[in-house]
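In what follows, a single structure is set out as structure tokens and then discussed.
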Amino acid sequence: MLTLGIESSCDETAIALVKDGSMIAQAMYSQATLHALFGGVVPELASRKHYEAIAHCVDEVFSDIEYTLHDVDCIAVARGPGLLGSLLVGIAFAKGLAFALQKPLVGVNHLHAHLFASGMEYELALPSLGILLSGGHTYTYYITSYADCTILGRTLDDAVGEVFDKVGKMLGMSYPAGKTIEQFALKGEMQALFTPPYCKENTLDYSFSGLKTQLLHYIRANPECVLAHHTMTPDENMHCAMVCASLTHAVTYSITHKVTLTLQHCMKECLQCESLLLGGGVVANSFIRKALCDIGQKHGYMLSIPSPALCTDNAYMIAYLGACLYNEGYYHSSNLTPIPRGRTIPWDYHKQRDAT
Ligand code: KG4
Ligand code: ZN
């Protein structure tokens, strides 16, 4: 089965083709350099750029492969959470294609797509504990199927990627800063400068805003750790490298602490887990990957973690989860609506009666 995936929830326009779970082709237009000028994503500009890029991305996907648009069996589109105007562009385009080609349409939860992304690379073992660490969201889920993900914990304020991006901005780095912080952290020596956030509270929820405030105070007191220009390397500002290593340590500690608590909760509640499913842009971070691999090994869970390129936003993950859902009989009508950030994604699939 050939599935076309459409991703336009934030600042990346991406189209991908997946055949029976395997990647065939993808085209992506990133707006990162445009939004970097403003230090964050400007929603109005983002939707305009999606509108300009989306049809070109489709043309590019089909430019050099044996398939044409008419061979596609299913259209999958990210329906949220995300920026409303950006989602509208992708969804309106998907509906147009589905109508013109007379093919089924599946709206995909962008966050769930991150979690199942490693399914393109490994056999997934469910039920599973899902750990989503992205730029806009931080959640843990109990996952029993492609269509059933129950939230166990969430951030009460900032998402983990947001902390990296906001602290990076304070340190003079360009947006998004997660990867740059990792590069600096790899060169820096970790010091116990920052208290890992929200670890004393015996809850499965996260909170990162206190850590951001700790960094704000530290940077104000030590302005020499701020980069003079965003192209500076770690060797040119080792103080900044040390701050990044210490920040990454505090974030990693908090995440591993919460994941351990959540695994204990699952055992207590008899929620059987076969594996840990990791997803989201922050899972590209080598420190966090290693720490979560160690937890998986220590407690004997299979770990499903996407390769770094599949951690950040992409359309393969949308096509992949859309195809998995469609294979189980789920689809949407042309009434599919975009769900912006902050609103719960409704469970509003239609189901084919004869599907499993
Ligand atoms: O999942 P994603 O692509 O977008 C959302 O759905 O939000 O995640 C983007 C986030 C950004 O905050 C970015 O700074 C962070 O992922 N990120 C990283 C790394 N690569 C991207 N954070 C830490 N280390 C990285 N290597
Ligand atoms: Zn994402």
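Going by the structure tokens order, chains are called A, B, ..., each with residues numbered from 1, while ligands are numbered from 1 in the order shown.
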Can you work out which residues are within 8 Å of ligand 1, considering only C-alpha atoms and all ligand atoms, and then hand them over as a PDB file with all heavy atoms, in the first residue's frame?
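Printed below is result05.pdb as written:
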ATOM      1  N   SER A   9       2.583  21.112  10.383  1.00  0.00           N
ATOM      2  CA  SER A   9       2.027  21.611  11.643  1.00  0.00           C
ATOM      3  C   SER A   9       2.776  22.807  12.214  1.00  0.00           C
ATOM      4  O   SER A   9       2.210  23.571  12.982  1.00  0.00           O
ATOM      5  CB  SER A   9       1.935  20.487  12.674  1.00  0.00           C
ATOM      6  OG  SER A   9       3.179  19.891  12.827  1.00  0.00           O
ATOM      7  N   CYS A  10       4.058  22.976  11.847  1.00  0.00           N
ATOM      8  CA  CYS A  10       4.806  24.092  12.416  1.00  0.00           C
ATOM      9  C   CYS A  10       5.552  24.854  11.317  1.00  0.00           C
ATOM     10  O   CYS A  10       4.931  25.558  10.523  1.00  0.00           O
ATOM     11  CB  CYS A  10       5.732  23.576  13.509  1.00  0.00           C
ATOM     12  SG  CYS A  10       6.491  24.887  14.457  1.00  0.00           S
ATOM     13  N   GLY A  82      -0.700  21.887  16.505  1.00  0.00           N
ATOM     14  CA  GLY A  82       0.216  22.707  15.727  1.00  0.00           C
ATOM     15  C   GLY A  82      -0.352  24.103  15.581  1.00  0.00           C
ATOM     16  O   GLY A  82      -1.303  24.477  16.270  1.00  0.00           O
ATOM     17  N   HIS A 110      -0.019  14.404  15.318  1.00  0.00           N
ATOM     18  CA  HIS A 110       1.416  14.644  15.100  1.00  0.00           C
ATOM     19  C   HIS A 110       2.268  14.041  16.239  1.00  0.00           C
ATOM     20  O   HIS A 110       3.357  13.504  15.989  1.00  0.00           O
ATOM     21  CB  HIS A 110       1.622  16.159  15.008  1.00  0.00           C
ATOM     22  CG  HIS A 110       3.026  16.609  14.921  1.00  0.00           C
ATOM     23  ND1 HIS A 110       3.639  16.912  13.731  1.00  0.00           N
ATOM     24  CD2 HIS A 110       3.968  16.824  15.876  1.00  0.00           C
ATOM     25  CE1 HIS A 110       4.881  17.295  13.963  1.00  0.00           C
ATOM     26  NE2 HIS A 110       5.107  17.255  15.255  1.00  0.00           N
ATOM     27  N   LEU A 111       1.773  14.118  17.463  1.00  0.00           N
ATOM     28  CA  LEU A 111       2.557  13.630  18.607  1.00  0.00           C
ATOM     29  C   LEU A 111       2.638  12.105  18.584  1.00  0.00           C
ATOM     30  O   LEU A 111       3.697  11.521  18.845  1.00  0.00           O
ATOM     31  CB  LEU A 111       1.940  14.114  19.927  1.00  0.00           C
ATOM     32  CG  LEU A 111       1.748  15.622  20.045  1.00  0.00           C
ATOM     33  CD1 LEU A 111       1.138  15.987  21.390  1.00  0.00           C
ATOM     34  CD2 LEU A 111       3.079  16.352  19.865  1.00  0.00           C
ATOM     35  N   HIS A 114       5.192  11.003  16.056  1.00  0.00           N
ATOM     36  CA  HIS A 114       6.570  11.008  16.578  1.00  0.00           C
ATOM     37  C   HIS A 114       6.858   9.706  17.313  1.00  0.00           C
ATOM     38  O   HIS A 114       7.928   9.117  17.184  1.00  0.00           O
ATOM     39  CB  HIS A 114       6.738  12.154  17.583  1.00  0.00           C
ATOM     40  CG  HIS A 114       7.152  13.464  16.966  1.00  0.00           C
ATOM     41  ND1 HIS A 114       8.297  13.606  16.217  1.00  0.00           N
ATOM     42  CD2 HIS A 114       6.598  14.702  17.028  1.00  0.00           C
ATOM     43  CE1 HIS A 114       8.425  14.877  15.845  1.00  0.00           C
ATOM     44  NE2 HIS A 114       7.401  15.561  16.306  1.00  0.00           N
ATOM     45  N   LEU A 133       9.273  13.760  23.616  1.00  0.00           N
ATOM     46  CA  LEU A 133      10.054  14.937  24.030  1.00  0.00           C
ATOM     47  C   LEU A 133      10.243  15.808  22.801  1.00  0.00           C
ATOM     48  O   LEU A 133      11.096  15.529  21.966  1.00  0.00           O
ATOM     49  CB  LEU A 133      11.429  14.490  24.571  1.00  0.00           C
ATOM     50  CG  LEU A 133      11.403  13.446  25.698  1.00  0.00           C
ATOM     51  CD1 LEU A 133      12.818  12.948  25.985  1.00  0.00           C
ATOM     52  CD2 LEU A 133      10.781  14.018  26.965  1.00  0.00           C
ATOM     53  N   SER A 134       9.409  16.852  22.678  1.00  0.00           N
ATOM     54  CA  SER A 134       9.524  17.650  21.453  1.00  0.00           C
ATOM     55  C   SER A 134       9.633  19.131  21.789  1.00  0.00           C
ATOM     56  O   SER A 134       9.795  19.520  22.945  1.00  0.00           O
ATOM     57  CB  SER A 134       8.346  17.358  20.518  1.00  0.00           C
ATOM     58  OG  SER A 134       7.235  18.122  20.884  1.00  0.00           O
ATOM     59  N   GLY A 135       9.565  19.961  20.726  1.00  0.00           N
ATOM     60  CA  GLY A 135       9.737  21.397  20.920  1.00  0.00           C
ATOM     61  C   GLY A 135       8.531  22.041  21.580  1.00  0.00           C
ATOM     62  O   GLY A 135       8.646  23.046  22.268  1.00  0.00           O
ATOM     63  N   GLY A 136       7.355  21.463  21.357  1.00  0.00           N
ATOM     64  CA  GLY A 136       6.141  22.068  21.894  1.00  0.00           C
ATOM     65  C   GLY A 136       5.467  21.220  22.956  1.00  0.00           C
ATOM     66  O   GLY A 136       4.543  21.689  23.621  1.00  0.00           O
ATOM     67  N   HIS A 137       5.901  19.970  23.117  1.00  0.00           N
ATOM     68  CA  HIS A 137       5.176  19.051  24.010  1.00  0.00           C
ATOM     69  C   HIS A 137       6.118  18.103  24.752  1.00  0.00           C
ATOM     70  O   HIS A 137       7.161  17.729  24.204  1.00  0.00           O
ATOM     71  CB  HIS A 137       4.176  18.213  23.208  1.00  0.00           C
ATOM     72  CG  HIS A 137       3.168  19.044  22.497  1.00  0.00           C
ATOM     73  ND1 HIS A 137       3.405  19.556  21.239  1.00  0.00           N
ATOM     74  CD2 HIS A 137       1.952  19.505  22.876  1.00  0.00           C
ATOM     75  CE1 HIS A 137       2.363  20.287  20.877  1.00  0.00           C
ATOM     76  NE2 HIS A 137       1.478  20.281  21.851  1.00  0.00           N
ATOM     77  N   VAL A 160      10.207  20.329  26.947  1.00  0.00           N
ATOM     78  CA  VAL A 160      11.658  20.208  27.127  1.00  0.00           C
ATOM     79  C   VAL A 160      12.429  20.901  25.986  1.00  0.00           C
ATOM     80  O   VAL A 160      13.413  21.618  26.230  1.00  0.00           O
ATOM     81  CB  VAL A 160      12.059  18.721  27.345  1.00  0.00           C
ATOM     82  CG1 VAL A 160      11.624  17.837  26.214  1.00  0.00           C
ATOM     83  CG2 VAL A 160      13.550  18.586  27.564  1.00  0.00           C
ATOM     84  N   GLY A 161      11.947  20.766  24.759  1.00  0.00           N
ATOM     85  CA  GLY A 161      12.638  21.424  23.637  1.00  0.00           C
ATOM     86  C   GLY A 161      12.556  22.944  23.735  1.00  0.00           C
ATOM     87  O   GLY A 161      13.467  23.662  23.331  1.00  0.00           O
ATOM     88  N   GLU A 162      11.446  23.410  24.316  1.00  0.00           N
ATOM     89  CA  GLU A 162      11.242  24.848  24.493  1.00  0.00           C
ATOM     90  C   GLU A 162      12.314  25.416  25.445  1.00  0.00           C
ATOM     91  O   GLU A 162      12.783  26.535  25.261  1.00  0.00           O
ATOM     92  CB  GLU A 162       9.851  25.008  25.119  1.00  0.00           C
ATOM     93  CG  GLU A 162       9.152  26.283  24.860  1.00  0.00           C
ATOM     94  CD  GLU A 162       7.710  26.181  25.402  1.00  0.00           C
ATOM     95  OE1 GLU A 162       7.183  25.065  25.612  1.00  0.00           O
ATOM     96  OE2 GLU A 162       7.134  27.255  25.614  1.00  0.00           O
ATOM     97  N   VAL A 163      12.669  24.615  26.461  1.00  0.00           N
ATOM     98  CA  VAL A 163      13.712  25.057  27.396  1.00  0.00           C
ATOM     99  C   VAL A 163      15.032  25.212  26.649  1.00  0.00           C
ATOM    100  O   VAL A 163      15.726  26.229  26.781  1.00  0.00           O
ATOM    101  CB  VAL A 163      13.868  24.052  28.560  1.00  0.00           C
ATOM    102  CG1 VAL A 163      15.032  24.445  29.463  1.00  0.00           C
ATOM    103  CG2 VAL A 163      12.595  23.998  29.364  1.00  0.00           C
ATOM    104  N   PHE A 164      15.379  24.210  25.834  1.00  0.00           N
ATOM    105  CA  PHE A 164      16.614  24.317  25.051  1.00  0.00           C
ATOM    106  C   PHE A 164      16.553  25.549  24.132  1.00  0.00           C
ATOM    107  O   PHE A 164      17.526  26.292  24.015  1.00  0.00           O
ATOM    108  CB  PHE A 164      16.845  23.050  24.216  1.00  0.00           C
ATOM    109  CG  PHE A 164      17.350  21.869  25.012  1.00  0.00           C
ATOM    110  CD1 PHE A 164      16.736  20.629  24.914  1.00  0.00           C
ATOM    111  CD2 PHE A 164      18.446  21.993  25.855  1.00  0.00           C
ATOM    112  CE1 PHE A 164      17.204  19.536  25.639  1.00  0.00           C
ATOM    113  CE2 PHE A 164      18.923  20.912  26.591  1.00  0.00           C
ATOM    114  CZ  PHE A 164      18.296  19.682  26.481  1.00  0.00           C
ATOM    115  N   ASP A 165      15.404  25.747  23.491  1.00  0.00           N
ATOM    116  CA  ASP A 165      15.305  26.866  22.540  1.00  0.00           C
ATOM    117  C   ASP A 165      15.377  28.220  23.252  1.00  0.00           C
ATOM    118  O   ASP A 165      16.045  29.145  22.783  1.00  0.00           O
ATOM    119  CB  ASP A 165      14.004  26.762  21.726  1.00  0.00           C
ATOM    120  CG  ASP A 165      14.000  25.531  20.829  1.00  0.00           C
ATOM    121  OD1 ASP A 165      15.096  25.036  20.511  1.00  0.00           O
ATOM    122  OD2 ASP A 165      12.908  25.068  20.456  1.00  0.00           O
ATOM    123  N   TYR A 175      17.663  30.091  16.586  1.00  0.00           N
ATOM    124  CA  TYR A 175      16.522  29.194  16.793  1.00  0.00           C
ATOM    125  C   TYR A 175      16.452  28.157  15.662  1.00  0.00           C
ATOM    126  O   TYR A 175      16.677  28.539  14.529  1.00  0.00           O
ATOM    127  CB  TYR A 175      15.232  30.024  16.829  1.00  0.00           C
ATOM    128  CG  TYR A 175      13.993  29.185  16.875  1.00  0.00           C
ATOM    129  CD1 TYR A 175      13.466  28.773  18.085  1.00  0.00           C
ATOM    130  CD2 TYR A 175      13.378  28.767  15.692  1.00  0.00           C
ATOM    131  CE1 TYR A 175      12.342  27.970  18.124  1.00  0.00           C
ATOM    132  CE2 TYR A 175      12.253  27.960  15.736  1.00  0.00           C
ATOM    133  CZ  TYR A 175      11.745  27.571  16.949  1.00  0.00           C
ATOM    134  OH  TYR A 175      10.646  26.772  16.987  1.00  0.00           O
ATOM    135  N   PRO A 176      16.117  26.910  15.936  1.00  0.00           N
ATOM    136  CA  PRO A 176      15.974  26.270  17.234  1.00  0.00           C
ATOM    137  C   PRO A 176      17.356  25.886  17.773  1.00  0.00           C
ATOM    138  O   PRO A 176      18.245  25.539  16.998  1.00  0.00           O
ATOM    139  CB  PRO A 176      15.136  25.024  16.927  1.00  0.00           C
ATOM    140  CG  PRO A 176      15.423  24.705  15.495  1.00  0.00           C
ATOM    141  CD  PRO A 176      15.806  25.986  14.813  1.00  0.00           C
ATOM    142  N   ALA A 177      17.511  25.913  19.092  1.00  0.00           N
ATOM    143  CA  ALA A 177      18.867  25.843  19.651  1.00  0.00           C
ATOM    144  C   ALA A 177      19.264  24.454  20.166  1.00  0.00           C
ATOM    145  O   ALA A 177      20.413  24.258  20.563  1.00  0.00           O
ATOM    146  CB  ALA A 177      18.991  26.862  20.781  1.00  0.00           C
ATOM    147  N   GLY A 178      18.316  23.492  20.151  1.00  0.00           N
ATOM    148  CA  GLY A 178      18.600  22.194  20.777  1.00  0.00           C
ATOM    149  C   GLY A 178      19.885  21.537  20.281  1.00  0.00           C
ATOM    150  O   GLY A 178      20.711  21.083  21.067  1.00  0.00           O
ATOM    151  N   LYS A 179      20.064  21.513  18.966  1.00  0.00           N
ATOM    152  CA  LYS A 179      21.231  20.829  18.397  1.00  0.00           C
ATOM    153  C   LYS A 179      22.524  21.571  18.757  1.00  0.00           C
ATOM    154  O   LYS A 179      23.543  20.949  19.074  1.00  0.00           O
ATOM    155  CB  LYS A 179      21.066  20.743  16.874  1.00  0.00           C
ATOM    156  CG  LYS A 179      21.969  19.725  16.262  1.00  0.00           C
ATOM    157  CD  LYS A 179      21.596  19.453  14.835  1.00  0.00           C
ATOM    158  CE  LYS A 179      22.571  18.413  14.282  1.00  0.00           C
ATOM    159  NZ  LYS A 179      22.405  18.222  12.874  1.00  0.00           N
ATOM    160  N   THR A 180      22.470  22.911  18.733  1.00  0.00           N
ATOM    161  CA  THR A 180      23.662  23.705  19.075  1.00  0.00           C
ATOM    162  C   THR A 180      24.020  23.484  20.537  1.00  0.00           C
ATOM    163  O   THR A 180      25.202  23.327  20.884  1.00  0.00           O
ATOM    164  CB  THR A 180      23.384  25.206  18.833  1.00  0.00           C
ATOM    165  OG1 THR A 180      22.743  25.347  17.569  1.00  0.00           O
ATOM    166  CG2 THR A 180      24.645  26.029  18.859  1.00  0.00           C
ATOM    167  N   ILE A 181      23.015  23.450  21.412  1.00  0.00           N
ATOM    168  CA  ILE A 181      23.288  23.205  22.838  1.00  0.00           C
ATOM    169  C   ILE A 181      23.962  21.844  22.998  1.00  0.00           C
ATOM    170  O   ILE A 181      24.922  21.700  23.757  1.00  0.00           O
ATOM    171  CB  ILE A 181      21.988  23.318  23.673  1.00  0.00           C
ATOM    172  CG1 ILE A 181      21.568  24.794  23.711  1.00  0.00           C
ATOM    173  CG2 ILE A 181      22.174  22.733  25.072  1.00  0.00           C
ATOM    174  CD1 ILE A 181      20.462  25.163  24.659  1.00  0.00           C
ATOM    175  N   GLU A 182      23.495  20.858  22.231  1.00  0.00           N
ATOM    176  CA  GLU A 182      24.138  19.539  22.324  1.00  0.00           C
ATOM    177  C   GLU A 182      25.608  19.617  21.883  1.00  0.00           C
ATOM    178  O   GLU A 182      26.497  19.051  22.539  1.00  0.00           O
ATOM    179  CB  GLU A 182      23.397  18.513  21.456  1.00  0.00           C
ATOM    180  CG  GLU A 182      24.038  17.144  21.576  1.00  0.00           C
ATOM    181  CD  GLU A 182      23.478  16.091  20.630  1.00  0.00           C
ATOM    182  OE1 GLU A 182      22.566  16.399  19.839  1.00  0.00           O
ATOM    183  OE2 GLU A 182      23.991  14.966  20.680  1.00  0.00           O
ATOM    184  N   GLN A 183      25.869  20.332  20.782  1.00  0.00           N
ATOM    185  CA  GLN A 183      27.254  20.443  20.301  1.00  0.00           C
ATOM    186  C   GLN A 183      28.154  21.120  21.336  1.00  0.00           C
ATOM    187  O   GLN A 183      29.293  20.693  21.555  1.00  0.00           O
ATOM    188  CB  GLN A 183      27.300  21.207  18.971  1.00  0.00           C
ATOM    189  CG  GLN A 183      26.842  20.328  17.814  1.00  0.00           C
ATOM    190  CD  GLN A 183      26.333  21.129  16.622  1.00  0.00           C
ATOM    191  OE1 GLN A 183      26.270  22.363  16.669  1.00  0.00           O
ATOM    192  NE2 GLN A 183      25.962  20.434  15.561  1.00  0.00           N
ATOM    193  N   GLY A 279      10.119   9.366  21.077  1.00  0.00           N
ATOM    194  CA  GLY A 279       9.944  10.186  19.880  1.00  0.00           C
ATOM    195  C   GLY A 279       9.987  11.667  20.182  1.00  0.00           C
ATOM    196  O   GLY A 279       9.896  12.088  21.346  1.00  0.00           O
ATOM    197  N   GLY A 280      10.172  12.462  19.118  1.00  0.00           N
ATOM    198  CA  GLY A 280      10.229  13.923  19.251  1.00  0.00           C
ATOM    199  C   GLY A 280      11.648  14.423  19.042  1.00  0.00           C
ATOM    200  O   GLY A 280      12.625  13.694  19.254  1.00  0.00           O
ATOM    201  N   GLY A 281      11.747  15.702  18.631  1.00  0.00           N
ATOM    202  CA  GLY A 281      13.037  16.280  18.252  1.00  0.00           C
ATOM    203  C   GLY A 281      14.121  16.151  19.311  1.00  0.00           C
ATOM    204  O   GLY A 281      15.294  15.936  18.986  1.00  0.00           O
ATOM    205  N   VAL A 282      13.745  16.239  20.584  1.00  0.00           N
ATOM    206  CA  VAL A 282      14.757  16.225  21.655  1.00  0.00           C
ATOM    207  C   VAL A 282      15.383  14.830  21.813  1.00  0.00           C
ATOM    208  O   VAL A 282      16.493  14.694  22.342  1.00  0.00           O
ATOM    209  CB  VAL A 282      14.123  16.747  22.971  1.00  0.00           C
ATOM    210  CG1 VAL A 282      15.095  16.682  24.126  1.00  0.00           C
ATOM    211  CG2 VAL A 282      13.635  18.178  22.786  1.00  0.00           C
ATOM    212  N   VAL A 283      14.682  13.812  21.310  1.00  0.00           N
ATOM    213  CA  VAL A 283      15.229  12.450  21.376  1.00  0.00           C
ATOM    214  C   VAL A 283      16.448  12.308  20.440  1.00  0.00           C
ATOM    215  O   VAL A 283      17.200  11.336  20.523  1.00  0.00           O
ATOM    216  CB  VAL A 283      14.094  11.427  21.081  1.00  0.00           C
ATOM    217  CG1 VAL A 283      14.608  10.026  20.894  1.00  0.00           C
ATOM    218  CG2 VAL A 283      13.080  11.459  22.219  1.00  0.00           C
ATOM    219  N   ALA A 284      16.677  13.313  19.587  1.00  0.00           N
ATOM    220  CA  ALA A 284      17.904  13.306  18.773  1.00  0.00           C
ATOM    221  C   ALA A 284      19.133  13.576  19.646  1.00  0.00           C
ATOM    222  O   ALA A 284      20.263  13.327  19.221  1.00  0.00           O
ATOM    223  CB  ALA A 284      17.814  14.384  17.684  1.00  0.00           C
ATOM    224  N   ASN A 285      18.930  14.072  20.864  1.00  0.00           N
ATOM    225  CA  ASN A 285      20.055  14.446  21.734  1.00  0.00           C
ATOM    226  C   ASN A 285      20.780  13.200  22.252  1.00  0.00           C
ATOM    227  O   ASN A 285      20.166  12.320  22.877  1.00  0.00           O
ATOM    228  CB  ASN A 285      19.497  15.264  22.909  1.00  0.00           C
ATOM    229  CG  ASN A 285      20.586  15.789  23.801  1.00  0.00           C
ATOM    230  OD1 ASN A 285      21.193  15.046  24.560  1.00  0.00           O
ATOM    231  ND2 ASN A 285      20.836  17.083  23.705  1.00  0.00           N
ATOM    232  N   SER A 286      22.099  13.149  22.035  1.00  0.00           N
ATOM    233  CA  SER A 286      22.851  11.924  22.351  1.00  0.00           C
ATOM    234  C   SER A 286      22.889  11.635  23.856  1.00  0.00           C
ATOM    235  O   SER A 286      22.886  10.470  24.260  1.00  0.00           O
ATOM    236  CB  SER A 286      24.270  12.004  21.785  1.00  0.00           C
ATOM    237  OG  SER A 286      24.905  13.179  22.228  1.00  0.00           O
ATOM    238  N   PRO A 308      18.300   9.762  14.547  1.00  0.00           N
ATOM    239  CA  PRO A 308      18.144  11.210  14.787  1.00  0.00           C
ATOM    240  C   PRO A 308      17.378  11.937  13.679  1.00  0.00           C
ATOM    241  O   PRO A 308      16.554  12.806  13.963  1.00  0.00           O
ATOM    242  CB  PRO A 308      19.590  11.688  14.907  1.00  0.00           C
ATOM    243  CG  PRO A 308      20.306  10.508  15.484  1.00  0.00           C
ATOM    244  CD  PRO A 308      19.672   9.300  14.849  1.00  0.00           C
ATOM    245  N   CYS A 311      13.715  11.858  14.227  1.00  0.00           N
ATOM    246  CA  CYS A 311      13.189  12.375  15.505  1.00  0.00           C
ATOM    247  C   CYS A 311      12.477  13.701  15.297  1.00  0.00           C
ATOM    248  O   CYS A 311      11.433  13.953  15.886  1.00  0.00           O
ATOM    249  CB  CYS A 311      14.324  12.588  16.506  1.00  0.00           C
ATOM    250  SG  CYS A 311      14.971  11.056  17.174  1.00  0.00           S
ATOM    251  N   THR A 312      13.060  14.576  14.480  1.00  0.00           N
ATOM    252  CA  THR A 312      12.451  15.898  14.270  1.00  0.00           C
ATOM    253  C   THR A 312      11.303  15.772  13.251  1.00  0.00           C
ATOM    254  O   THR A 312      11.122  14.717  12.630  1.00  0.00           O
ATOM    255  CB  THR A 312      13.503  16.909  13.771  1.00  0.00           C
ATOM    256  OG1 THR A 312      14.263  16.296  12.775  1.00  0.00           O
ATOM    257  CG2 THR A 312      14.406  17.380  14.894  1.00  0.00           C
ATOM    258  N   ASP A 313      10.567  16.864  13.066  1.00  0.00           N
ATOM    259  CA  ASP A 313       9.366  16.806  12.227  1.00  0.00           C
ATOM    260  C   ASP A 313       9.674  16.296  10.825  1.00  0.00           C
ATOM    261  O   ASP A 313      10.635  16.735  10.185  1.00  0.00           O
ATOM    262  CB  ASP A 313       8.734  18.198  12.135  1.00  0.00           C
ATOM    263  CG  ASP A 313       8.097  18.602  13.451  1.00  0.00           C
ATOM    264  OD1 ASP A 313       7.982  17.743  14.345  1.00  0.00           O
ATOM    265  OD2 ASP A 313       7.710  19.773  13.583  1.00  0.00           O
ATOM    266  N   ASN A 314       8.856  15.371  10.364  1.00  0.00           N
ATOM    267  CA  ASN A 314       9.033  14.815   9.006  1.00  0.00           C
ATOM    268  C   ASN A 314       7.702  14.237   8.559  1.00  0.00           C
ATOM    269  O   ASN A 314       6.809  14.012   9.386  1.00  0.00           O
ATOM    270  CB  ASN A 314      10.148  13.758   9.001  1.00  0.00           C
ATOM    271  CG  ASN A 314       9.792  12.547   9.841  1.00  0.00           C
ATOM    272  OD1 ASN A 314       9.096  11.658   9.385  1.00  0.00           O
ATOM    273  ND2 ASN A 314      10.230  12.525  11.107  1.00  0.00           N
TER     274      ASN A 314
END
Considering only C-alpha atoms, return as number ranges by chain whatever protein or nucleic-acid residues lie within 9 Å of Cys225 in chain A, sequence-local ones (same chain, fewer than 6 positions apart) excluded. A: 171, 219, 237-243
Write out the residues from the selection above, keeping N, CA, C and O atoms, as an mmCIF file, in the first residue's frame.
data_model
loop_
_atom_site.group_PDB
_atom_site.id
_atom_site.type_symbol
_atom_site.label_atom_id
_atom_site.label_comp_id
_atom_site.auth_asym_id
_atom_site.auth_seq_id
_atom_site.Cartn_x
_atom_site.Cartn_y
_atom_site.Cartn_z
ATOM 1 N N LEU A 171 21.514 32.516 25.427
ATOM 2 C CA LEU A 171 22.965 32.317 25.252
ATOM 3 C C LEU A 171 23.465 32.850 23.907
ATOM 4 O O LEU A 171 24.646 32.688 23.578
ATOM 5 N N ILE A 219 22.845 33.321 33.814
ATOM 6 C CA ILE A 219 23.370 34.043 32.639
ATOM 7 C C ILE A 219 23.475 35.544 32.947
ATOM 8 O O ILE A 219 24.435 36.197 32.560
ATOM 9 N N ASN A 237 34.144 29.673 23.319
ATOM 10 C CA ASN A 237 33.501 30.083 24.569
ATOM 11 C C ASN A 237 33.230 28.835 25.418
ATOM 12 O O ASN A 237 32.138 28.277 25.415
ATOM 13 N N MET A 238 34.279 28.415 26.128
ATOM 14 C CA MET A 238 34.168 27.181 26.919
ATOM 15 C C MET A 238 33.238 27.362 28.128
ATOM 16 O O MET A 238 32.707 26.385 28.657
ATOM 17 N N HIS A 239 33.054 28.611 28.547
ATOM 18 C CA HIS A 239 32.100 28.856 29.637
ATOM 19 C C HIS A 239 30.689 28.480 29.169
ATOM 20 O O HIS A 239 29.928 27.817 29.884
ATOM 21 N N CYS A 240 30.374 28.889 27.944
ATOM 22 C CA CYS A 240 29.061 28.542 27.373
ATOM 23 C C CYS A 240 28.942 27.016 27.259
ATOM 24 O O CYS A 240 27.887 26.447 27.568
ATOM 25 N N ALA A 241 30.029 26.371 26.845
ATOM 26 C CA ALA A 241 30.010 24.904 26.709
ATOM 27 C C ALA A 241 29.721 24.254 28.063
ATOM 28 O O ALA A 241 28.946 23.284 28.157
ATOM 29 N N MET A 242 30.320 24.796 29.129
ATOM 30 C CA MET A 242 30.103 24.238 30.469
ATOM 31 C C MET A 242 28.637 24.439 30.900
ATOM 32 O O MET A 242 28.011 23.539 31.472
ATOM 33 N N VAL A 243 28.075 25.612 30.580
ATOM 34 C CA VAL A 243 26.662 25.876 30.921
ATOM 35 C C VAL A 243 25.763 24.876 30.174
ATOM 36 O O VAL A 243 24.831 24.295 30.750
#
Ser47 in chain A surroundings by only C-alpha atoms, 7 Å radius, close-in-sequence under 4 positions cut, as a list in words: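 Result of the neighbour search: Pro43, Tyr51, Gly85, Ser86 and Val89 of chain A.
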Please run DSSP on the backbone and report, as a PyMOL selection string, all residues within range 21-130 of chain A that come out as strand (DSSP E). chain A and resi 22-30+74-80+105-109+128-130
Tell me, as a ChimeraX atom specification, which residues lie within 6 Å of Leu278 in chain A, counting only C-alpha atoms; anything in the same chain fewer than 3 positions away does not count. /A:115,130-131,305
If we count only C-alpha atoms, what is near His265 in chain A at a cut-off of 10 Å, once residues fewer than 4 positions away on the same chain are taken out, given as number ranges by chain? A: 152, 203-204, 259-261, 269-271
Can you work out which one of A:Thr248, A:Ser8, A:Ser304, A:Gln272 has the shortest atom-to-atom distance to Ala76 in chain A, counting only C-alpha atoms?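 Selected residue with least distance to Ala76 in chain A: A:Ser8.
Using only C-alpha atoms, the protein and nucleic acid residues lying no more than 10 Å from Ala92 in chain A, apart from those fewer than 4 places from it along its own chain, are Val77, Leu87, Leu88, Gly96, Leu97, Ala98, Ser334, Leu336, Thr337 and Pro338 of chain A.
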Using only C-alpha atoms and all ligand atoms, which of A:Tyr349, A:Met173, A:Gln264, A:Glu7 sits nearest ligand 2?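 Closest to ligand 2, using only C-alpha atoms and all ligand atoms: A:Glu7.
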List as number ranges by chain the protein and nucleic acid residues near Met190 in chain A, meaning an atom at most 8 Å away when only C-alpha atoms are counted, but skip any in the same chain fewer than 2 places from it. A: 185, 188, 192, 242-243, 245-246, 249
When you count only C-alpha atoms and all ligand atoms, which of these residues is closest to ligand 2: A:Leu292, A:Ala113, A:Cys273, A:Ala46? A:Ala113
Could you check which of A:Ala117, A:Ile65, A:Leu276, A:Leu37 is closest to ligand 2, using only C-alpha atoms and all ligand atoms?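 Under the stated criterion, the closest residue is A:Ala117.
Minimum distance to ligand 2 across A:Phe184, A:Phe99, A:Tyr316, A:Tyr206 (counting only C-alpha atoms and all ligand atoms) occurs at A:Tyr316.
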Between A:Thr150, A:Thr13, A:Thr33, A:Thr144, which is the closest to His50 in chain A once you count only C-alpha atoms?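 Using only C-alpha atoms, the shortest distance to His50 in chain A belongs to A:Thr13.
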